[in-house]
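data-v1.cif (mmCIF, C-alpha atoms)
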data_query
#
loop_
_atom_site.label_atom_id
_atom_site.label_comp_id
_atom_site.auth_asym_id
_atom_site.auth_seq_id
_atom_site.Cartn_x
_atom_site.Cartn_y
_atom_site.Cartn_z
CA MET A 1247 0.00 0.00 0.00
CA ASN A 1248 1.53 3.35 -1.08
CA THR A 1249 1.33 6.72 0.67
CA ILE A 1250 -1.67 7.94 -1.36
CA GLU A 1251 -3.66 4.82 -0.52
CA ARG A 1252 -2.80 5.07 3.18
CA LEU A 1253 -3.82 8.73 3.28
CA TYR A 1254 -7.04 7.93 1.44
CA ASP A 1255 -7.84 5.14 3.90
CA PHE A 1256 -7.07 7.43 6.83
CA ILE A 1257 -9.27 10.38 5.87
CA ASN A 1258 -12.11 8.10 4.80
CA GLU A 1259 -11.72 5.71 7.75
CA GLU A 1260 -11.38 2.81 5.33
CA GLU A 1261 -10.82 -0.58 6.88
CA ASP A 1262 -10.52 -3.94 5.12
CA ALA A 1263 -11.79 -3.13 1.66
CA ARG A 1264 -12.93 -0.10 -0.28
CA ILE A 1265 -16.62 0.39 -0.77
CA CYS A 1266 -17.17 0.18 -4.54
CA LYS A 1267 -20.85 -0.59 -4.83
CA ASP A 1268 -21.60 1.47 -7.92
CA ILE A 1269 -18.28 1.70 -9.82
CA ASP A 1270 -16.47 -1.14 -11.57
CA GLU A 1271 -13.47 -2.94 -10.14
CA ASN A 1272 -11.00 -1.30 -12.55
CA ALA A 1273 -12.08 2.16 -11.43
CA CYS A 1274 -11.97 1.05 -7.80
CA ARG A 1275 -8.24 0.32 -8.02
CA TYR A 1276 -7.54 3.94 -8.96
CA THR A 1277 -9.96 5.52 -6.48
CA PRO A 1278 -7.29 6.87 -4.05
CA LYS A 1279 -5.29 8.57 -6.82
CA ASN A 1280 -8.41 9.95 -8.52
CA TYR A 1281 -9.76 11.11 -5.16
CA PHE A 1282 -6.81 13.45 -4.57
CA LEU A 1283 -6.57 14.60 -8.19
CA ILE A 1284 -10.22 15.66 -8.13
CA LEU A 1285 -9.72 17.24 -4.71
CA LEU A 1286 -6.70 19.25 -5.86
CA SER A 1287 -8.26 20.43 -9.12
CA ASN A 1288 -11.45 21.51 -7.33
CA ILE A 1289 -9.45 23.46 -4.75
CA PHE A 1290 -7.75 25.48 -7.47
CA THR A 1291 -11.02 26.25 -9.24
CA LYS A 1292 -12.63 27.30 -5.94
CA LEU A 1293 -9.79 29.75 -5.35
CA GLY A 1294 -10.19 31.05 -8.90
CA ASP A 1295 -13.90 31.55 -8.28
CA THR A 1296 -13.19 33.54 -5.13
CA LEU A 1297 -10.66 35.83 -6.79
CA SER A 1298 -13.00 36.53 -9.74
CA ASN A 1299 -16.24 36.72 -7.74
CA PRO A 1300 -18.78 38.82 -9.68
CA LYS A 1301 -20.26 40.20 -6.46
CA THR A 1302 -16.90 41.65 -5.39
CA VAL A 1303 -13.86 41.67 -7.66
CA LEU A 1304 -15.55 41.80 -11.08
CA ALA A 1305 -18.09 44.37 -9.93
CA TRP A 1306 -15.28 46.52 -8.52
CA VAL A 1307 -13.21 46.27 -11.71
CA MET A 1308 -16.14 47.14 -13.99
CA SER A 1309 -16.93 50.13 -11.80
CA TYR A 1310 -13.26 51.14 -11.79
CA VAL A 1311 -13.11 51.18 -15.60
CA GLN A 1312 -16.37 53.17 -15.64
CA ALA A 1313 -18.49 50.53 -17.34
CA PRO A 1314 -22.21 51.41 -17.47
CA VAL A 1315 -24.19 50.42 -14.38
CA TYR A 1316 -26.71 48.44 -16.43
CA LEU A 1317 -23.89 46.18 -17.64
CA ILE A 1318 -22.59 45.68 -14.10
CA SER A 1319 -26.06 44.48 -13.06
CA PHE A 1320 -25.83 41.63 -15.60
CA ILE A 1321 -22.63 39.98 -14.37
CA VAL A 1322 -24.08 37.87 -11.55
CA PRO A 1323 -27.08 36.44 -13.52
CA ILE A 1324 -24.87 35.73 -16.54
CA ARG A 1325 -22.20 33.97 -14.48
CA GLU A 1326 -24.66 31.78 -12.61
CA SER A 1327 -27.38 31.09 -15.18
CA GLY A 1328 -25.25 30.98 -18.30
CA SER A 1329 -23.49 27.86 -17.07
CA MET A 1330 -26.79 26.09 -16.40
CA LEU A 1331 -29.16 26.94 -19.25
CA PRO A 1332 -27.37 25.10 -22.13
CA GLN A 1333 -26.63 21.95 -20.13
CA ILE A 1334 -29.66 20.02 -21.31
CA ILE A 1335 -28.26 20.28 -24.87
CA ILE A 1336 -24.59 19.93 -23.92
CA SER A 1337 -25.33 16.64 -22.18
CA SER A 1338 -26.19 15.04 -25.55
CA TYR A 1339 -22.66 15.82 -26.71
CA ILE A 1340 -21.12 14.56 -23.49
CA ARG A 1341 -23.04 11.27 -23.64
CA LYS A 1342 -21.22 10.40 -26.86
CA LYS A 1343 -17.90 10.41 -25.05
CA GLU A 1344 -16.68 7.20 -23.45
CA ILE A 1345 -14.02 9.24 -21.62
CA ARG A 1346 -15.50 12.47 -20.32
CA LYS A 1347 -12.68 14.07 -18.34
CA TRP A 1348 -11.48 15.81 -21.51
CA VAL A 1349 -14.75 17.76 -21.65
CA TRP A 1350 -13.91 19.12 -18.18
CA VAL A 1351 -10.33 19.91 -19.25
CA LEU A 1352 -11.64 21.82 -22.29
CA GLY A 1353 -14.07 23.78 -20.14
CA SER A 1354 -11.34 24.61 -17.63
CA LEU A 1355 -8.98 25.85 -20.34
CA LEU A 1356 -11.72 28.07 -21.78
CA GLN A 1357 -12.35 29.50 -18.31
CA PHE A 1358 -8.63 30.23 -17.97
CA LEU A 1359 -8.62 32.10 -21.28
CA SER A 1360 -11.81 34.07 -20.64
CA ILE A 1361 -11.00 35.18 -17.08
CA SER A 1362 -7.41 36.05 -17.99
CA ALA A 1363 -8.69 38.06 -20.94
CA ILE A 1364 -10.94 40.05 -18.58
CA GLY A 1365 -7.79 41.12 -16.73
CA VAL A 1366 -6.22 42.24 -20.00
CA VAL A 1367 -9.37 44.13 -21.02
CA ALA A 1368 -9.49 45.95 -17.68
CA MET A 1369 -5.95 47.27 -18.17
CA ASN A 1370 -6.44 48.42 -21.76
CA PHE A 1371 -10.04 49.61 -22.14
CA ASP A 1372 -12.59 51.65 -20.26
CA GLY A 1373 -16.20 52.79 -20.46
CA SER A 1374 -18.79 50.93 -22.52
CA LYS A 1375 -16.18 49.15 -24.63
CA ALA A 1376 -14.59 47.59 -21.55
CA GLY A 1377 -18.00 46.74 -20.13
CA TRP A 1378 -19.23 44.95 -23.25
CA LEU A 1379 -15.95 43.07 -23.74
CA ILE A 1380 -16.09 41.85 -20.12
CA ILE A 1381 -19.73 40.77 -20.57
CA ILE A 1382 -18.85 38.81 -23.73
CA LEU A 1383 -15.91 37.13 -22.00
CA LEU A 1384 -18.09 36.38 -18.99
CA ILE A 1385 -20.61 34.64 -21.28
CA VAL A 1386 -17.79 32.47 -22.64
CA PHE A 1387 -16.67 31.75 -19.09
CA SER A 1388 -20.18 30.85 -17.97
CA LEU A 1389 -20.81 28.50 -20.89
CA SER A 1390 -17.45 26.86 -20.19
CA ARG A 1391 -18.52 26.33 -16.59
CA GLY A 1392 -21.48 24.41 -17.98
CA LEU A 1393 -19.11 21.95 -19.67
CA CYS A 1394 -17.24 21.45 -16.40
CA SER A 1395 -20.34 21.22 -14.24
CA ILE A 1396 -22.03 18.40 -16.06
CA SER A 1397 -18.88 16.43 -16.94
CA SER A 1398 -17.40 16.70 -13.45
CA LYS A 1399 -20.42 15.07 -11.84
CA ASP A 1400 -20.28 12.23 -14.36
CA VAL A 1401 -16.54 11.67 -13.88
CA LEU A 1402 -16.99 11.81 -10.12
CA GLY A 1403 -19.78 9.25 -10.32
CA LYS A 1404 -17.57 6.92 -12.40
CA THR A 1405 -14.42 7.19 -10.28
CA ILE A 1406 -15.48 7.73 -6.64
CA PRO A 1407 -17.83 5.37 -4.70
CA LYS A 1408 -21.14 6.66 -3.34
CA THR A 1409 -20.23 6.89 0.32
CA ARG A 1410 -17.03 8.87 -0.36
CA ARG A 1411 -18.37 11.70 -2.54
CA GLY A 1412 -19.76 13.82 0.26
CA LYS A 1413 -16.46 13.78 2.16
CA LEU A 1414 -14.58 14.68 -1.01
CA LYS A 1415 -16.78 17.72 -1.55
CA GLY A 1416 -16.52 18.62 2.12
CA TYR A 1417 -12.72 18.54 2.14
CA THR A 1418 -12.67 20.57 -1.09
CA VAL A 1419 -14.77 23.34 0.42
CA ALA A 1420 -12.81 23.27 3.69
CA VAL A 1421 -9.36 23.60 2.09
CA SER A 1422 -10.71 26.22 -0.30
CA GLY A 1423 -12.06 28.07 2.73
CA ILE A 1424 -8.54 28.27 4.16
CA LEU A 1425 -7.26 29.78 0.92
CA VAL A 1426 -10.19 32.20 0.88
CA LEU A 1427 -9.21 33.17 4.42
CA PHE A 1428 -5.75 34.17 3.25
CA ALA A 1429 -7.24 35.96 0.25
CA GLY A 1430 -9.49 37.97 2.54
CA LEU A 1431 -6.59 38.94 4.80
CA PHE A 1432 -4.53 39.89 1.76
CA MET A 1433 -7.32 42.09 0.42
CA ILE A 1434 -7.73 43.79 3.82
CA TYR A 1435 -3.98 44.44 3.94
CA LYS A 1436 -3.95 45.85 0.41
CA SER A 1437 -7.04 47.98 1.09
CA LYS A 1438 -4.86 50.14 3.33
CA GLN A 1439 -2.61 51.01 0.40
CA GLU A 1440 -3.29 53.00 -2.74
CA GLN A 1441 -4.97 50.83 -5.38
CA ASN A 1442 -4.81 50.92 -9.16
CA ILE A 1443 -6.30 48.90 -12.00
CA GLU A 1444 -3.07 46.95 -12.48
CA PHE A 1445 -3.43 45.43 -9.01
CA TYR A 1446 -7.00 44.25 -9.58
CA SER A 1447 -6.21 43.07 -13.10
CA SER A 1448 -3.33 40.98 -11.77
CA ILE A 1449 -5.70 39.38 -9.23
CA ILE A 1450 -8.10 38.45 -12.04
CA PHE A 1451 -5.27 37.09 -14.19
CA PHE A 1452 -4.01 35.05 -11.24
CA ALA A 1453 -7.55 33.73 -10.78
CA GLY A 1454 -7.62 32.66 -14.43
CA CYS A 1455 -4.37 30.73 -13.98
CA MET A 1456 -6.10 28.59 -11.34
CA TRP A 1457 -8.19 26.99 -14.08
CA LEU A 1458 -5.09 26.31 -16.16
CA ILE A 1459 -3.47 24.46 -13.25
CA SER A 1460 -6.73 22.61 -12.58
CA ALA A 1461 -6.93 21.44 -16.19
CA ILE A 1462 -3.41 20.00 -15.98
CA VAL A 1463 -4.23 18.17 -12.73
CA TYR A 1464 -7.59 16.87 -13.96
CA ALA A 1465 -6.06 15.48 -17.15
CA ASN A 1466 -4.20 12.92 -15.02
CA ILE A 1467 -7.38 11.29 -13.67
CA LYS A 1468 -7.65 7.62 -14.60
CA GLU A 1469 -11.10 7.26 -16.14
CA PHE A 1470 -12.40 4.12 -17.83
CA PRO A 1471 -14.84 4.12 -20.77
CA GLY A 1472 -18.48 4.53 -19.77
CA GLU A 1473 -21.90 4.33 -21.36
CA THR A 1474 -22.50 6.21 -24.61
CA SER A 1475 -26.04 5.09 -25.40
CA GLY A 1476 -28.54 7.78 -26.30
CA GLY A 1477 -25.93 10.32 -27.35
CA GLN A 1478 -28.04 12.14 -29.91
CA ASN A 1479 -27.95 15.73 -31.04
CA GLY A 1480 -30.68 18.26 -31.44
CA LEU A 1481 -33.22 20.27 -29.56
CA SER A 1482 -35.73 17.41 -29.79
CA GLU A 1483 -33.46 15.25 -27.65
CA ALA A 1484 -33.14 18.09 -25.16
CA ILE A 1485 -36.90 18.57 -24.97
CA ALA A 1486 -37.39 14.84 -24.58
CA LYS A 1487 -35.25 14.89 -21.47
CA ILE A 1488 -37.71 17.25 -19.82
CA SER A 1489 -40.08 14.28 -19.73
CA ILE A 1490 -38.02 13.05 -16.78
CA LEU A 1491 -40.04 15.50 -14.72
CA LYS A 1492 -43.23 13.64 -15.64
CA THR A 1493 -41.93 10.10 -15.38
CA ASP A 1494 -39.80 10.47 -12.24
CA PRO A 1495 -41.71 12.03 -9.30
CA ASN A 1496 -38.66 11.82 -7.01
CA PHE A 1497 -36.61 13.89 -9.44
CA ARG A 1498 -39.48 16.35 -9.87
CA ASN A 1499 -39.71 16.82 -6.12
CA PHE A 1500 -35.94 17.32 -5.95
CA ILE A 1501 -36.20 20.14 -8.51
CA ILE A 1502 -38.93 21.81 -6.46
CA SER A 1503 -36.83 21.46 -3.32
CA ARG A 1504 -33.70 22.81 -4.99
CA SER A 1505 -35.63 25.81 -6.31
CA LEU A 1506 -36.85 26.67 -2.81
CA LEU A 1507 -33.34 26.14 -1.42
CA LEU A 1508 -31.98 28.96 -3.60
CA CYS A 1509 -32.82 31.14 -0.61
CA SER A 1510 -29.41 30.42 0.95
CA ALA A 1511 -27.62 31.86 -2.10
CA LEU A 1512 -30.02 34.68 -2.94
CA THR A 1513 -30.05 36.19 0.56
CA ALA A 1514 -26.26 36.63 0.78
CA PRO A 1515 -25.96 39.99 -1.04
CA PHE A 1516 -28.78 41.44 1.07
CA TYR A 1517 -26.79 40.85 4.25
CA VAL A 1518 -23.96 42.84 2.69
CA LEU A 1519 -26.44 45.54 1.69
CA LEU A 1520 -27.78 45.72 5.25
CA ALA A 1521 -24.27 46.26 6.58
CA GLN A 1522 -23.66 49.03 4.05
CA THR A 1523 -26.99 50.65 5.00
CA TYR A 1524 -26.41 50.76 8.74
CA LEU A 1525 -22.61 50.80 9.04
CA GLY A 1526 -21.41 52.48 5.85
CA LYS A 1527 -19.27 51.24 2.95
CA GLU A 1528 -15.94 50.94 4.70
CA SER A 1529 -13.51 48.63 2.89
CA TYR A 1530 -12.79 46.57 6.01
CA LEU A 1531 -16.39 45.30 5.96
CA LEU A 1532 -15.80 43.54 2.64
CA GLY A 1533 -12.73 41.87 4.11
CA LEU A 1534 -14.73 40.76 7.15
CA PHE A 1535 -17.40 39.21 4.95
CA ILE A 1536 -14.75 37.33 2.94
CA LEU A 1537 -13.14 36.08 6.15
CA ALA A 1538 -16.50 35.07 7.64
CA ASN A 1539 -17.35 33.06 4.55
CA GLY A 1540 -13.94 31.39 4.50
CA ILE A 1541 -14.09 30.40 8.17
CA ALA A 1542 -17.63 29.07 7.68
CA SER A 1543 -16.35 26.74 4.94
CA ILE A 1544 -13.43 25.55 7.04
CA VAL A 1545 -15.48 24.60 10.10
CA SER A 1546 -18.62 23.29 8.44
CA ALA A 1547 -17.81 21.64 5.11
CA PRO A 1548 -16.14 18.44 6.43
CA ILE A 1549 -19.03 17.93 8.87
CA TRP A 1550 -21.64 18.51 6.18
CA GLY A 1551 -19.74 16.15 3.87
CA ARG A 1552 -19.81 13.30 6.37
CA MET A 1553 -23.47 13.92 7.12
CA ALA A 1554 -24.29 13.99 3.38
CA ASP A 1555 -22.83 10.50 2.94
CA VAL A 1556 -25.34 9.29 5.55
CA SER A 1557 -28.38 11.33 4.48
CA SER A 1558 -27.95 14.11 1.93
CA LYS A 1559 -31.62 15.10 2.09
CA LYS A 1560 -31.29 15.75 5.83
CA VAL A 1561 -28.29 18.01 5.17
CA MET A 1562 -30.35 19.99 2.68
CA SER A 1563 -33.18 20.38 5.20
CA ILE A 1564 -30.93 21.43 8.09
CA GLY A 1565 -29.12 23.97 5.91
CA ALA A 1566 -32.45 25.47 4.83
CA ILE A 1567 -33.73 25.62 8.40
CA ILE A 1568 -30.61 27.47 9.57
CA THR A 1569 -30.96 29.92 6.66
CA SER A 1570 -34.61 30.56 7.46
CA VAL A 1571 -34.23 30.96 11.23
CA LEU A 1572 -31.31 33.34 10.70
CA GLY A 1573 -33.25 35.42 8.17
CA ILE A 1574 -36.31 35.72 10.41
CA LEU A 1575 -34.10 36.67 13.36
CA ILE A 1576 -32.29 39.35 11.35
CA PHE A 1577 -35.65 40.75 10.20
CA LEU A 1578 -36.80 41.06 13.81
CA ILE A 1579 -33.53 42.69 14.91
CA ILE A 1580 -33.53 45.24 12.11
CA SER A 1581 -37.24 46.02 12.55
CA PHE A 1582 -37.53 46.21 16.33
CA PHE A 1583 -34.05 46.56 17.86
CA PRO A 1584 -32.38 49.68 16.40
CA VAL A 1585 -29.50 49.52 18.88
CA LEU A 1586 -28.47 46.04 17.73
CA ARG A 1587 -28.61 46.89 14.04
CA GLN A 1588 -25.86 49.46 14.61
CA GLN A 1589 -23.45 46.84 15.98
CA TYR A 1590 -20.57 46.09 13.61
CA TRP A 1591 -20.28 42.46 14.78
CA LEU A 1592 -23.86 41.56 13.83
CA TYR A 1593 -23.45 41.33 10.07
CA PRO A 1594 -20.19 39.35 9.77
CA ILE A 1595 -21.51 36.87 12.35
CA ALA A 1596 -24.80 36.57 10.47
CA PHE A 1597 -22.85 36.08 7.24
CA PHE A 1598 -20.76 33.42 8.95
CA VAL A 1599 -23.88 31.49 10.00
CA LEU A 1600 -25.36 31.91 6.53
CA GLY A 1601 -22.11 30.55 5.06
CA ILE A 1602 -22.44 27.44 7.21
CA ALA A 1603 -26.05 26.96 6.11
CA HIS A 1604 -25.28 27.53 2.43
CA ASN A 1605 -22.45 25.00 2.50
CA GLY A 1606 -24.91 22.46 3.89
CA VAL A 1607 -27.49 23.17 1.21
CA ARG A 1608 -24.90 22.98 -1.61
CA LEU A 1609 -23.18 19.82 -0.40
CA GLY A 1610 -26.49 18.16 0.35
CA ARG A 1611 -28.14 18.77 -3.00
CA LYS A 1612 -24.97 17.98 -5.01
CA THR A 1613 -24.50 14.68 -3.19
CA TYR A 1614 -28.20 13.87 -3.47
CA ILE A 1615 -28.42 14.23 -7.25
CA LEU A 1616 -25.21 12.23 -7.71
CA ASP A 1617 -26.60 9.36 -5.64
CA MET A 1618 -30.03 9.42 -7.28
CA ALA A 1619 -28.89 7.72 -10.47
CA GLY A 1620 -25.99 6.03 -12.20
CA GLY A 1621 -24.58 5.88 -15.72
CA ASN A 1622 -26.09 8.18 -18.34
CA LYS A 1623 -29.12 8.73 -16.15
CA ARG A 1624 -26.91 10.80 -13.89
CA THR A 1625 -25.87 12.99 -16.83
CA ASP A 1626 -29.50 13.63 -17.77
CA TYR A 1627 -30.53 14.40 -14.19
CA VAL A 1628 -27.73 16.94 -13.76
CA ALA A 1629 -28.44 18.54 -17.17
CA VAL A 1630 -32.20 18.90 -16.67
CA SER A 1631 -31.78 20.05 -13.07
CA ASN A 1632 -29.20 22.72 -13.85
CA THR A 1633 -31.06 23.98 -16.93
CA LEU A 1634 -34.31 24.43 -15.03
CA ILE A 1635 -32.55 26.05 -12.08
CA GLY A 1636 -30.79 28.39 -14.54
CA ILE A 1637 -34.18 29.56 -15.81
CA ILE A 1638 -35.48 29.96 -12.27
CA LEU A 1639 -32.36 31.94 -11.34
CA LEU A 1640 -32.96 34.36 -14.21
CA ILE A 1641 -36.53 34.86 -13.06
CA THR A 1642 -35.70 35.25 -9.37
CA GLY A 1643 -32.58 37.27 -10.15
CA GLY A 1644 -34.85 40.29 -10.47
CA ILE A 1645 -35.67 40.01 -6.80
CA SER A 1646 -33.06 42.66 -6.05
CA ALA A 1647 -35.48 45.15 -7.61
CA LEU A 1648 -37.79 44.47 -4.69
CA ALA A 1649 -35.32 46.27 -2.43
CA SER A 1650 -36.47 49.55 -3.98
CA ILE A 1651 -40.10 48.72 -3.24
CA VAL A 1652 -39.91 47.01 0.15
CA SER A 1653 -37.19 47.05 2.80
CA VAL A 1654 -34.04 44.97 2.42
CA GLU A 1655 -34.92 43.08 5.60
CA GLY A 1656 -38.34 42.41 4.07
CA VAL A 1657 -36.67 40.67 1.10
CA ILE A 1658 -34.62 38.56 3.53
CA LEU A 1659 -37.82 37.60 5.37
CA ALA A 1660 -39.58 36.59 2.14
CA LEU A 1661 -36.64 34.43 1.04
CA SER A 1662 -36.42 32.90 4.51
CA LEU A 1663 -40.06 31.81 4.34
CA LEU A 1664 -39.27 30.10 1.02
CA GLY A 1665 -36.47 28.35 2.88
CA VAL A 1666 -38.97 26.96 5.39
CA ALA A 1667 -40.90 25.44 2.49
CA GLY A 1668 -37.65 24.13 1.02
CA ALA A 1669 -36.70 22.46 4.29
CA TYR A 1670 -40.08 20.74 4.50
CA LYS A 1671 -40.00 19.63 0.86
CA SER A 1672 -36.45 18.29 1.23
CA SER A 1673 -37.37 16.27 4.31
CA LYS A 1674 -40.03 14.46 2.26
CA LEU A 1675 -37.57 13.28 -0.40
CA PRO A 1676 -36.66 9.58 -0.36
CA ASN A 1677 -33.26 8.49 0.94
CA VAL A 1678 -30.86 7.66 -1.89
CA GLU A 1679 -27.75 6.56 0.04
#
Would you mind writing the file's structure down as structure tokens?
Amino acid sequence: MNTIERLYDFINEEEDARICKDIDENACRYTPKNYFLILLSNIFTKLGDTLSNPKTVLAWVMSYVQAPVYLISFIVPIRESGSMLPQIIISSYIRKKEIRKWVWVLGSLLQFLSISAIGVVAMNFDGSKAGWLIIILLIVFSLSRGLCSISSKDVLGKTIPKTRRGKLKGYTVAVSGILVLFAGLFMIYKSKQEQNIEFYSSIIFFAGCMWLISAIVYANIKEFPGETSGGQNGLSEAIAKISILKTDPNFRNFIISRSLLLCSALTAPFYVLLAQTYLGKESYLLGLFILANGIASIVSAPIWGRMADVSSKKVMSIGAIITSVLGILIFLIISFFPVLRQQYWLYPIAFFVLGIAHNGVRLGRKTYILDMAGGNKRTDYVAVSNTLIGIILLITGGISALASIVSVEGVILALSLLGVAGAYKSSKLPNVE
């Protein structure tokens, strides 16, 4: 037994034999090596995501180069939804491939090129021209994420056994959280010095390089040929896949649950907005939010991962409950306790708790859909799920407009009530472990 196998056995508490219930024996032999290759590649992409976050870095850069505000408002919906909407069609292409890791490698390389190009654009253009070029590159990046999203779940399902996937995701988020912690501290340190566009462009270019490194690591995964049946092209094939919603009630209920669980992601910017409203827009607040989110990942992700391997639906429910209780509590504090809403510690702590809850929701629903099905069925489930959620995200993305009609805390309350429904719906899903 080599060092990689011993480390794999240690962190997964493996005893006499590996648990390979749903992957073939050939793949089982390479599980330890693949486990750490996937872990390492995911850590790099997570760091890249943090350093090119549309809610912070990209928004700041577009504002710095004086891009129009209406273009800045598009970056978050494009980044999130653009990677999901085409997946129901992309999956037909992926199903033709016996070896699917190369789809992920291609997507990662395209993300490297598009994010790095954004850094170049920021240094050489300004105004509307810079804004439109960044939007175009962000569309390329988002579509490339779609390639990685659907292929990564399929490769993971072919190379890592069921009861080890949750831990893998948990460790990925935890280690990434540590790197985010350092990134937050670095940003706070640099915020005390004079900034220029070269500094922020270099951060974005560095973020892009994370996907290049990830592609090199991922290419070394040992993947064996899988199913290729049903790999047809065309919109008709994509539409046919929607029929899964009619024929599979468990999957349909999962989609409903996942839609309601978007509350944990959608409420995050409103906590930041509350802090800006009552405490001002001091730069240290942004650093505190980054640190709070990083610490939340470090302390919660491994626990959520282990819990998800036992019952992923329970993890989804608990994460939603925490999100909802927190949101209701914040609404009450803001509405009825004016002294507390002026406290600087309130918002980073709330964001920390929200980070814990969101990690649970994400790890739970990702593990759940992976364990629902095997083979090409998994590819279809992921494609249909992400495409529908992409549409729902575009629709609910306009919820920020509500802040101009009702109070920010009112939006948080409304989303929190959706979370209560999501927790209930998740608890009624069947166990798939």
**Q.** d(CA of Ser1362 in chain A, CA of Ala1465 in chain A) in Å
**A.** 20.6 Å
Q. Skipping near chain neighbours, those fewer than 5 positions away, what residues fall within 10 Å of range 1272-1287 of chain A using all atoms listed in the file, listed as number ranges by chain?
A. A: 1248-1255, 1264-1267, 1292, 1354, 1398, 1401-1402, 1404-1407, 1410-1411, 1414-1419, 1421-1422, 1456-1471
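If all atoms listed in the file are the atoms counted, then among A:Gln1522, A:Ser1489, A:Asn1370, A:Thr1613 the closest residue to Gly1403 in chain A is A:Thr1613.
The space between CA of Phe1320 in chain A and CA of Ile1381 in chain A spans 7.9 Å.
Each of A:Val1307, A:Met1433, A:Val1666, A:Ile1340 was checked against Ile1564 in chain A using all atoms listed in the file; the smallest atom-to-atom distance is that of A:Val1666.
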Selection near range 1590-1598 of chain A, 7 Å with only C-alpha atoms, sequence-local residues under 3 positions removed, as a PDB file with C-alpha atoms, in the coordinates of the input:
ATOM      1  CA  TYR A1517     -26.790  40.850   4.250  1.00  0.00           C
ATOM      2  CA  ALA A1521     -24.270  46.260   6.580  1.00  0.00           C
ATOM      3  CA  LEU A1525     -22.610  50.800   9.040  1.00  0.00           C
ATOM      4  CA  LEU A1534     -14.730  40.760   7.150  1.00  0.00           C
ATOM      5  CA  PHE A1535     -17.400  39.210   4.950  1.00  0.00           C
ATOM      6  CA  ALA A1538     -16.500  35.070   7.640  1.00  0.00           C
ATOM      7  CA  ASN A1539     -17.350  33.060   4.550  1.00  0.00           C
ATOM      8  CA  ALA A1542     -17.630  29.070   7.680  1.00  0.00           C
ATOM      9  CA  GLY A1601     -22.110  30.550   5.060  1.00  0.00           C
ATOM     10  CA  ILE A1602     -22.440  27.440   7.210  1.00  0.00           C
TER      11      ILE A1602
END
Q: Any chance you could resolve the PyMOL selection byres ((chain A and resi 1507) around 8) against this file and give the residues as number ranges by chain?
A: A: 1503-1506, 1508-1510, 1562, 1566, 1607, 1664-1665, 1668-1669
Q.
Using all atoms listed in the file for the distances, tell me which of A:Leu1661, A:Met1369, A:Leu1609, A:Val1349 is nearest to Ser1558 in chain A.
A. A:Leu1609
**Q.** Best match for closeness to His1604 in chain A among A:Ser1546, A:Ile1364, A:Ser1397, A:Thr1523, counting all atoms listed in the file
**A.** A:Ser1546
Q. Evaluating the PyMOL selection byres ((chain A and resi 1633) around 8) on the displayed file yields which residues, as number ranges by chain?
A. A: 1330-1334, 1629-1632, 1634-1637
Selection under test: the PyMOL selection byres ((chain A and resi 1394) around 9); residues as a compact mmCIF listing (two decimals) with C-alpha atoms, in the frame of the given file:
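Saved file part_20.txt follows:
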# COMPACT_ATOMS: atom_id res chain seq x y z
CA SER A 1329 -23.49 27.86 -17.07
CA LYS A 1347 -12.68 14.07 -18.34
CA VAL A 1349 -14.75 17.76 -21.65
CA TRP A 1350 -13.91 19.12 -18.18
CA VAL A 1351 -10.33 19.91 -19.25
CA LEU A 1352 -11.64 21.82 -22.29
CA GLY A 1353 -14.07 23.78 -20.14
CA SER A 1354 -11.34 24.61 -17.63
CA SER A 1390 -17.45 26.86 -20.19
CA ARG A 1391 -18.52 26.33 -16.59
CA GLY A 1392 -21.48 24.41 -17.98
CA LEU A 1393 -19.11 21.95 -19.67
CA SER A 1395 -20.34 21.22 -14.24
CA ILE A 1396 -22.03 18.40 -16.06
CA SER A 1397 -18.88 16.43 -16.94
CA SER A 1398 -17.40 16.70 -13.45
CA LYS A 1399 -20.42 15.07 -11.84
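Shortest atom-to-atom contact with Lys1343 in chain A among A:Val1561, A:Met1553, A:Val1571, A:Asp1400: A:Asp1400, counting only C-alpha atoms.
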